[in-house]
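J.: What follows is protein23.txt, made up of compact mmCIF, C-alpha atoms:
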# COMPACT_ATOMS: atom_id res chain seq x y z
CA MET A 1 1.10 51.27 -70.16
CA ALA A 2 4.28 49.72 -71.48
CA ARG A 3 6.43 47.73 -69.06
CA LYS A 4 9.61 49.39 -68.04
CA PRO A 5 12.59 47.37 -69.30
CA GLN A 6 14.47 45.76 -66.36
CA GLU A 7 17.69 47.43 -65.50
CA ASN A 8 18.97 44.50 -63.48
CA PRO A 9 17.71 41.19 -64.77
CA ALA A 10 19.31 39.23 -61.86
CA LEU A 11 16.71 37.69 -59.53
CA ASP A 12 16.76 39.08 -56.02
CA MET A 13 17.72 36.12 -53.86
CA THR A 14 17.23 37.75 -50.47
CA PRO A 15 13.57 36.76 -49.80
CA MET A 16 14.22 33.21 -50.90
CA ILE A 17 17.21 32.85 -48.61
CA ASP A 18 15.07 34.29 -45.80
CA VAL A 19 12.38 31.71 -46.40
CA VAL A 20 14.85 28.85 -46.63
CA PHE A 21 16.49 29.83 -43.34
CA GLU A 22 13.09 30.12 -41.74
CA LEU A 23 12.24 26.60 -42.93
CA ILE A 24 15.54 25.18 -41.76
CA ILE A 25 15.14 26.73 -38.31
CA PHE A 26 11.55 25.49 -38.08
CA PHE A 27 12.51 21.91 -38.89
CA VAL A 28 15.57 21.87 -36.67
CA VAL A 29 13.44 23.04 -33.75
CA THR A 30 10.47 20.72 -34.36
CA ILE A 31 12.34 17.52 -35.16
CA LYS A 32 12.90 15.43 -32.07
CA GLN A 33 15.83 13.13 -32.09
CA GLU A 34 14.82 9.51 -32.03
CA ASP A 35 15.80 7.56 -28.95
CA THR A 36 17.78 4.41 -29.24
CA LEU A 37 15.42 1.66 -28.15
CA SER A 38 15.98 -1.71 -26.62
CA LYS A 39 13.73 -4.67 -26.09
CA LEU A 40 13.42 -7.03 -23.16
CA ASN A 41 11.90 -10.41 -23.93
CA ALA A 42 9.93 -12.43 -21.45
CA ASN A 43 7.68 -15.46 -21.41
CA ARG A 44 4.08 -15.16 -20.47
CA PRO A 45 2.55 -18.39 -19.21
CA ALA A 46 -1.06 -18.94 -20.19
CA PRO A 47 -3.48 -17.54 -17.63
CA ALA A 48 -5.22 -20.91 -17.47
CA SER A 49 -2.11 -22.66 -16.12
CA GLY A 50 -2.97 -21.02 -12.81
CA SER A 51 -0.66 -22.11 -10.05
CA SER A 52 2.95 -21.85 -11.01
CA SER A 53 4.12 -24.11 -8.21
CA SER A 54 3.66 -27.32 -10.24
CA ASN A 55 6.53 -26.62 -12.66
CA GLU A 56 8.60 -24.58 -10.25
CA SER A 57 11.92 -26.22 -9.54
CA ASP A 58 13.78 -25.41 -6.34
CA THR A 59 16.36 -23.37 -8.26
CA THR A 60 13.72 -20.99 -9.59
CA VAL A 61 14.17 -17.43 -8.46
CA THR A 62 11.05 -15.39 -7.76
CA ILE A 63 10.91 -11.62 -7.79
CA GLU A 64 7.73 -9.96 -6.63
CA ILE A 65 6.68 -6.52 -7.72
CA GLY A 66 4.25 -4.38 -5.82
CA ARG A 67 2.89 -0.89 -5.80
CA GLY A 68 4.86 0.52 -2.90
CA HIS A 69 4.72 4.05 -1.60
CA ASP A 70 6.20 5.96 -4.52
CA ALA A 71 5.88 5.88 -8.27
CA ASN A 72 8.81 3.46 -8.59
CA GLY A 73 7.00 0.45 -7.14
CA VAL A 74 8.74 -2.04 -4.89
CA LEU A 75 10.75 -5.14 -5.68
CA VAL A 76 10.57 -8.05 -3.26
CA TYR A 77 13.25 -10.71 -3.34
CA ASN A 78 13.40 -13.54 -0.80
CA LYS A 79 10.42 -12.05 1.05
CA ARG A 80 12.38 -8.86 1.62
CA GLU A 81 11.95 -5.47 -0.01
CA VAL A 82 15.10 -4.73 -1.97
CA ARG A 83 16.53 -1.76 -3.78
CA ARG A 84 17.47 -2.06 -7.46
CA SER A 85 21.17 -2.30 -6.59
CA GLU A 86 20.51 -5.04 -4.01
CA LEU A 87 18.49 -7.07 -6.50
CA ASP A 88 21.36 -6.68 -8.94
CA GLN A 89 23.80 -8.08 -6.36
CA ASN A 90 21.50 -10.98 -5.54
CA LEU A 91 20.96 -11.87 -9.19
CA ARG A 92 24.69 -11.69 -9.82
CA GLU A 93 25.07 -14.44 -7.22
CA VAL A 94 22.34 -16.44 -8.94
CA ALA A 95 23.97 -16.01 -12.34
CA ARG A 96 27.29 -17.22 -10.93
CA THR A 97 25.67 -20.59 -10.21
CA SER A 98 23.88 -20.82 -13.53
CA THR A 99 22.70 -18.27 -16.08
CA LYS A 100 20.01 -20.77 -17.10
CA THR A 101 18.20 -20.33 -13.78
CA PRO A 102 14.53 -19.67 -14.50
CA ILE A 103 13.30 -16.36 -13.12
CA ILE A 104 9.69 -15.70 -12.27
CA ILE A 105 8.48 -12.15 -11.91
CA LYS A 106 5.18 -11.84 -10.10
CA CYS A 107 3.48 -8.50 -10.51
CA THR A 108 0.54 -7.20 -8.57
CA MET A 109 -2.12 -5.58 -10.73
CA ASP A 110 -1.50 -2.11 -9.34
CA SER A 111 2.27 -2.12 -9.69
CA PRO A 112 3.75 0.37 -12.15
CA HIS A 113 5.10 -0.96 -15.44
CA LYS A 114 8.36 0.83 -14.67
CA ALA A 115 9.21 -1.64 -11.90
CA LEU A 116 8.68 -4.63 -14.21
CA VAL A 117 10.99 -3.14 -16.85
CA ASP A 118 13.58 -2.36 -14.15
CA ALA A 119 13.46 -5.96 -12.90
CA LEU A 120 13.76 -7.33 -16.46
CA ASP A 121 16.66 -4.99 -17.13
CA ILE A 122 18.49 -6.22 -14.03
CA CYS A 123 17.91 -9.83 -15.16
CA TYR A 124 19.34 -9.01 -18.57
CA LYS A 125 22.29 -7.24 -16.99
CA ASN A 126 23.19 -10.51 -15.27
CA ASN A 127 22.62 -12.62 -18.39
CA LEU A 128 19.52 -14.26 -16.96
CA PHE A 129 17.28 -14.54 -19.97
CA SER A 130 14.63 -17.14 -19.10
CA VAL A 131 12.18 -14.85 -17.40
CA SER A 132 8.47 -15.51 -16.99
CA ILE A 133 5.94 -12.92 -15.96
CA PHE A 134 2.94 -13.75 -13.78
CA SER A 135 0.22 -11.34 -12.75
CA MET A 136 -1.48 -11.51 -9.39
CA MET B 1 42.88 32.91 -69.89
CA ALA B 2 40.45 35.75 -69.50
CA ARG B 3 37.02 34.87 -68.21
CA LYS B 4 34.26 34.99 -70.76
CA ALA B 5 31.94 37.86 -70.09
CA GLN B 6 28.60 36.56 -68.75
CA GLU B 7 25.86 36.80 -71.29
CA ASN B 8 23.14 36.30 -68.73
CA PRO B 9 24.09 37.55 -65.28
CA ALA B 10 20.87 36.21 -63.68
CA LEU B 11 21.53 33.30 -61.33
CA ASP B 12 19.89 30.08 -62.47
CA MET B 13 17.43 29.34 -59.69
CA THR B 14 16.26 25.94 -60.93
CA PRO B 15 18.74 23.70 -59.04
CA MET B 16 18.20 25.63 -55.83
CA ILE B 17 14.43 25.31 -56.07
CA ASP B 18 14.90 21.59 -56.79
CA VAL B 19 17.03 21.14 -53.68
CA VAL B 20 14.65 23.11 -51.47
CA PHE B 21 11.65 21.06 -52.61
CA GLU B 22 13.62 17.88 -52.06
CA LEU B 23 14.36 19.00 -48.49
CA ILE B 24 10.76 19.97 -47.80
CA ILE B 25 9.46 16.63 -49.08
CA PHE B 26 12.07 14.75 -47.05
CA PHE B 27 11.15 16.52 -43.82
CA VAL B 28 7.41 16.24 -44.37
CA VAL B 29 7.72 12.50 -44.98
CA THR B 30 9.96 11.87 -41.95
CA LEU B 31 7.71 14.02 -39.75
CA THR B 32 4.52 12.15 -40.63
CA GLU B 33 6.39 8.89 -40.10
CA ALA B 34 7.34 9.98 -36.59
CA GLN B 35 3.83 11.16 -35.78
CA ARG B 36 2.34 7.77 -36.48
CA LYS B 37 3.17 6.60 -32.98
CA ASP B 38 1.79 7.72 -29.68
CA GLU B 39 3.98 10.58 -28.53
CA THR B 40 2.68 10.66 -24.97
CA ILE B 41 4.45 7.42 -24.09
CA GLU B 42 7.61 7.74 -22.01
CA LEU B 43 9.59 4.54 -21.92
CA GLU B 44 11.53 3.26 -18.95
CA ASP B 45 15.27 2.81 -19.30
CA GLY B 46 16.45 -0.65 -20.21
CA ARG B 47 20.10 -0.22 -20.98
CA HIS B 48 20.87 -3.93 -20.83
CA GLY B 49 18.19 -5.00 -23.24
CA ILE B 50 18.73 -6.02 -26.83
CA VAL B 51 19.17 -2.91 -28.95
CA LEU B 52 16.16 -2.58 -31.18
CA VAL B 53 16.71 -1.76 -34.82
CA PRO B 54 13.25 -1.03 -36.23
CA GLU B 55 14.35 -1.89 -39.78
CA GLU B 56 15.42 -5.36 -38.67
CA LEU B 57 12.07 -6.30 -37.16
CA PRO B 58 10.23 -8.84 -39.27
CA PRO B 59 7.35 -7.23 -41.18
CA THR B 60 4.96 -9.58 -39.41
CA HIS B 61 5.69 -8.14 -35.96
CA LEU B 62 2.96 -6.50 -33.95
CA GLN B 63 3.50 -3.41 -31.87
CA ILE B 64 1.03 -2.49 -29.18
CA ASP B 65 1.23 0.93 -27.54
CA ILE B 66 -0.01 1.52 -24.01
CA ALA B 67 -0.18 5.12 -22.83
CA SER B 68 -0.87 6.23 -19.28
CA ARG B 69 -1.83 9.79 -20.12
CA ASP B 70 -3.95 11.53 -22.70
CA LYS B 71 -2.61 14.20 -25.04
CA ARG B 72 -3.17 16.90 -22.41
CA GLY B 73 -1.22 15.03 -19.77
CA LYS B 74 -4.21 13.90 -17.73
CA ARG B 75 -3.73 10.50 -16.16
CA LEU B 76 -5.83 7.67 -17.57
CA PRO B 77 -6.37 5.06 -14.85
CA ARG B 78 -7.24 2.37 -17.40
CA GLY B 79 -4.53 3.41 -19.85
CA ARG B 80 -5.00 3.75 -23.56
CA ILE B 81 -4.16 0.76 -25.71
CA SER B 82 -3.52 1.45 -29.36
CA MET B 83 -2.11 -0.15 -32.48
CA GLY B 84 -0.75 2.06 -35.22
CA ASP B 85 -2.59 5.23 -34.31
CA ARG B 86 -5.93 3.63 -33.54
CA GLU B 87 -7.27 2.87 -30.09
CA ILE B 88 -8.03 -0.79 -29.63
CA THR B 89 -9.57 -3.07 -26.99
CA PRO B 90 -7.87 -6.22 -25.63
CA ASP B 91 -10.55 -8.32 -27.32
CA GLU B 92 -9.69 -6.78 -30.64
CA ILE B 93 -5.99 -7.49 -30.03
CA GLY B 94 -6.92 -11.11 -29.40
CA ARG B 95 -8.76 -11.28 -32.71
CA ARG B 96 -5.90 -9.65 -34.61
CA VAL B 97 -3.36 -11.99 -33.04
CA LYS B 98 -5.47 -15.02 -33.90
CA GLU B 99 -5.89 -13.90 -37.49
CA ARG B 100 -2.21 -13.14 -37.97
CA MET B 101 -1.26 -16.41 -36.31
CA ARG B 102 -3.36 -18.26 -38.87
CA LYS B 103 -1.75 -16.39 -41.76
CA VAL B 104 1.94 -16.23 -40.86
CA GLY B 105 2.48 -18.49 -37.84
CA GLU B 106 4.35 -17.24 -34.82
CA PHE B 107 5.40 -13.59 -34.85
CA PRO B 108 7.04 -11.20 -32.40
CA VAL B 109 4.87 -9.01 -30.20
CA LEU B 110 6.33 -5.75 -28.94
CA ILE B 111 4.68 -3.84 -26.13
CA ARG B 112 5.55 -0.16 -25.99
CA ALA B 113 4.15 0.75 -22.62
CA ASP B 114 4.57 3.97 -20.66
CA TYR B 115 6.66 3.68 -17.49
CA ASP B 116 3.68 4.82 -15.41
CA VAL B 117 1.09 2.37 -16.75
CA ARG B 118 -0.52 0.05 -14.20
CA HIS B 119 0.49 -3.57 -14.60
CA GLU B 120 -3.16 -4.54 -14.92
CA VAL B 121 -3.40 -2.94 -18.36
CA VAL B 122 -0.21 -4.63 -19.53
CA ALA B 123 -1.46 -7.95 -18.13
CA ARG B 124 -4.70 -7.64 -20.10
CA VAL B 125 -2.75 -7.08 -23.33
CA MET B 126 -0.40 -9.99 -22.59
CA ASP B 127 -3.35 -12.27 -21.82
CA ALA B 128 -4.95 -11.38 -25.14
CA CYS B 129 -1.75 -12.60 -26.80
CA THR B 130 -1.22 -15.75 -24.75
CA ALA B 131 -4.84 -16.77 -25.19
CA ASN B 132 -4.10 -16.95 -28.91
CA GLY B 133 -0.78 -18.73 -28.77
CA ILE B 134 1.85 -15.98 -28.45
CA TRP B 135 3.93 -16.73 -25.34
CA LYS B 136 6.92 -14.54 -26.03
CA ILE B 137 6.39 -10.88 -25.30
CA SER B 138 8.95 -8.12 -25.74
CA PHE B 139 8.86 -4.87 -23.84
CA MET B 140 10.30 -1.75 -25.35
CA ALA B 141 12.61 0.41 -23.29
CA THR B 142 15.15 3.11 -24.01
CA ALA B 143 18.70 1.97 -24.50
CA GLU B 144 20.17 5.23 -23.29
CA ASP B 145 19.90 6.83 -19.90
CA LYS B 146 17.89 9.86 -20.86
CA ARG B 147 15.81 9.76 -17.67
CA SER B 148 18.86 10.89 -15.74
CA LYS B 149 19.05 14.04 -17.79
CA PRO B 150 17.62 16.91 -15.77
CA GLY B 151 14.66 18.54 -17.43
CA HIS B 152 13.34 15.33 -18.92
CA PRO B 153 9.52 15.26 -18.45
CA ALA B 154 9.53 11.78 -16.89
CA ARG B 155 12.29 12.78 -14.49
CA LYS B 156 10.42 15.97 -13.53
CA HIS B 157 7.28 13.96 -12.92
CA LEU B 158 9.06 11.49 -10.66
CA ASP B 159 10.80 14.27 -8.77
CA ALA B 160 7.47 16.00 -8.19
CA LEU B 161 5.96 12.76 -6.86
CA LYS B 162 8.91 12.27 -4.52
CA ARG B 163 8.52 15.80 -3.16
CA ARG B 164 4.88 15.15 -2.44
CA GLY B 165 5.95 12.00 -0.62
CA ARG B 166 3.88 9.62 -2.72
Please re-express this file's structure in structure tokens.

T.:
Amino acid sequence: MARKPQENPALDMTPMIDVVFELIIFFVVTIKQEDTLSKLNANRPAPASGSSSSNESDTTVTIEIGRGHDANGVLVYNKREVRRSELDQNLREVARTSTKTPIIIKCTMDSPHKALVDALDICYKNNLFSVSIFSM
Amino acid sequence: MARKAQENPALDMTPMIDVVFELIIFFVVTLTEAQRKDETIELEDGRHGIVLVPEELPPTHLQIDIASRDKRGKRLPRGRISMGDREITPDEIGRRVKERMRKVGEFPVLIRADYDVRHEVVARVMDACTANGIWKISFMATAEDKRSKPGHPARKHLDALKRRGR
């Protein structure tokens, strides 16, 4: 059977455009926008150094982090449980004296990582960058 | 000037097909790139941290992922530590750090830990690094306040915990 000569030799674009739109929609929906990330640096003393009291000067500021009652964990400053905003105020006072003040963050093993990052972030907010992390 | 009558009225499809293939390849490559990291990890906000530009990190840097949940959302009490897309033990991290230390000297270590991970797991990873001479540890956080956006999974999770009074 002989092939019928084409009346309209132009390619029909419709299915291709359909497919392309389908692809575009698929990718737009699946692609997740990347978050802007930041990093918070801290020092980690060797576990063998044990007691921190030997090299602790009297200006050193200690922040303790515990598990607390909710998923946020608790921050303890000056033996008192503080909110994030209160810690911020306290550290602002510290930074006014000297931004070189060494900060020690002591975390209990069952504290959530979130609280540590929050504490580090508050230190960074107040330009206190010499932070050490201890685990208890 | 009159337009020349078209000899061949068929549209030339070649450039369009080229462009479409280019697009497909681009998206496939970027997608696989994004999938190489653990997607279950939700980072805590750290707006005041140093903004992290992945391209500017030295090629020697080491990124360690710590997830608190598996792919189905079930909580893992001991976390899941991984490098690249492979699960790894703290001992193995210690060995890798030691080896890299011997080859390139000091290098940055980045910990990408979920906000909900217990400190114990993070401490184990940090100890594996300090035991081999890396004292400086960086924690990854998000530079933007996405947690405050309603509907964010981490925000929903925290709200649910609050309601239950945990």

J.: Any idea what the distance is between CA of Glu99 (chain B) and CA of Leu43 (chain B)?

T.: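 Result for CA of Glu99 (chain B) versus CA of Leu43 (chain B): 28.7 Å, one decimal.
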
J.: One decimal, in Å: what's the spacing between CA of Thr108 (chain A) and CA of Ile65 (chain A)?

T.: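 Separation of CA of Thr108 (chain A) and CA of Ile65 (chain A): 6.2 Å.
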
J.: Given the choices B:Arg95, B:Lys71, B:Arg80, B:Arg112, which gets closest to chain A if the distance is worked out from only C-alpha atoms?

T.: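 The shortest atom-to-atom distance to chain A comes from B:Arg112.
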
J.: Could you build a table of the residues in chain A lying no more than 8 Å from chain B, giving for each the nearest pair of atoms and their separation in Å rounded to one decimal place, using all atoms listed in the file, ordered by chain and ascending residue number, as a tab-separated table?

T.:
residue	atom	partner	partner_atom	distance
A:Pro9	CA	B:Ala10	CA	6.0
A:Ala10	CA	B:Ala10	CA	3.9
A:Leu11	CA	B:Ala10	CA	6.1
A:Val20	CA	B:Val20	CA	7.5
A:Phe27	CA	B:Phe27	CA	7.4
A:Ile31	CA	B:Leu31	CA	7.4
A:Asp35	CA	B:Thr142	CA	6.7
A:Thr36	CA	B:Ala143	CA	5.4
A:Leu37	CA	B:Thr142	CA	4.4
A:Ser38	CA	B:Val51	CA	4.1
A:Lys39	CA	B:Met140	CA	4.6
A:Leu40	CA	B:Phe139	CA	5.1
A:Asn41	CA	B:Ser138	CA	4.2
A:Ala42	CA	B:Ile137	CA	5.5
A:Asn43	CA	B:Lys136	CA	4.8
A:Arg44	CA	B:Trp135	CA	5.1
A:Pro45	CA	B:Trp135	CA	6.5
A:Ala46	CA	B:Thr130	CA	5.6
A:Pro47	CA	B:Asp127	CA	6.7
A:His69	CA	B:Arg166	CA	5.7
A:Asp70	CA	B:Arg166	CA	4.7
A:Ala71	CA	B:Leu158	CA	6.9
A:Cys107	CA	B:His119	CA	7.1
A:Thr108	CA	B:His119	CA	7.0
A:Met109	CA	B:Glu120	CA	4.4
A:Asp110	CA	B:Arg118	CA	5.4
A:Ser111	CA	B:His119	CA	5.4
A:Pro112	CA	B:Arg118	CA	4.7
A:His113	CA	B:Tyr115	CA	5.3
A:Lys114	CA	B:Tyr115	CA	4.4
A:Val117	CA	B:Glu44	CA	6.8
A:Asp118	CA	B:Gly46	CA	6.9
A:Asp121	CA	B:Gly46	CA	5.3
A:Ile122	CA	B:His48	CA	7.6
A:Tyr124	CA	B:His48	CA	5.8
A:Lys125	CA	B:His48	CA	5.3
A:Ser135	CA	B:Ala123	CA	6.6

J.: List the spatial neighbours of region 83-92 of chain A as a ChimeraX atom specification - criterion: any atom at most 12 Å away, all atoms listed in the file, same-chain residues fewer than 5 positions off excluded.

T.: /A:60-65,68,72-78,97-103,114-129

J.: By how many Å are CA of Asp65 (chain B) and CA of Ser82 (chain B) apart?

T.: 5.1 Å

J.: Go through B:Glu42, B:Asp91, B:Val104, B:Val97 one by one, measure the shortest atom-to-atom distance of each to Gln63 (chain B) using only C-alpha atoms, and give the residue with the smallest value.

T.: B:Val97

J.: Specify the axis-aligned box that encloses all atoms of region 104-113 of chain A listed in the file after padding of 6 Å on each side, stating its centre and edge lengths in Å to one decimal as AutoDock Vina command-line options.

T.:
--center_x 3.8 --center_y -7.7 --center_z -12.0 --size_x 23.8 --size_y 28.1 --size_z 18.9
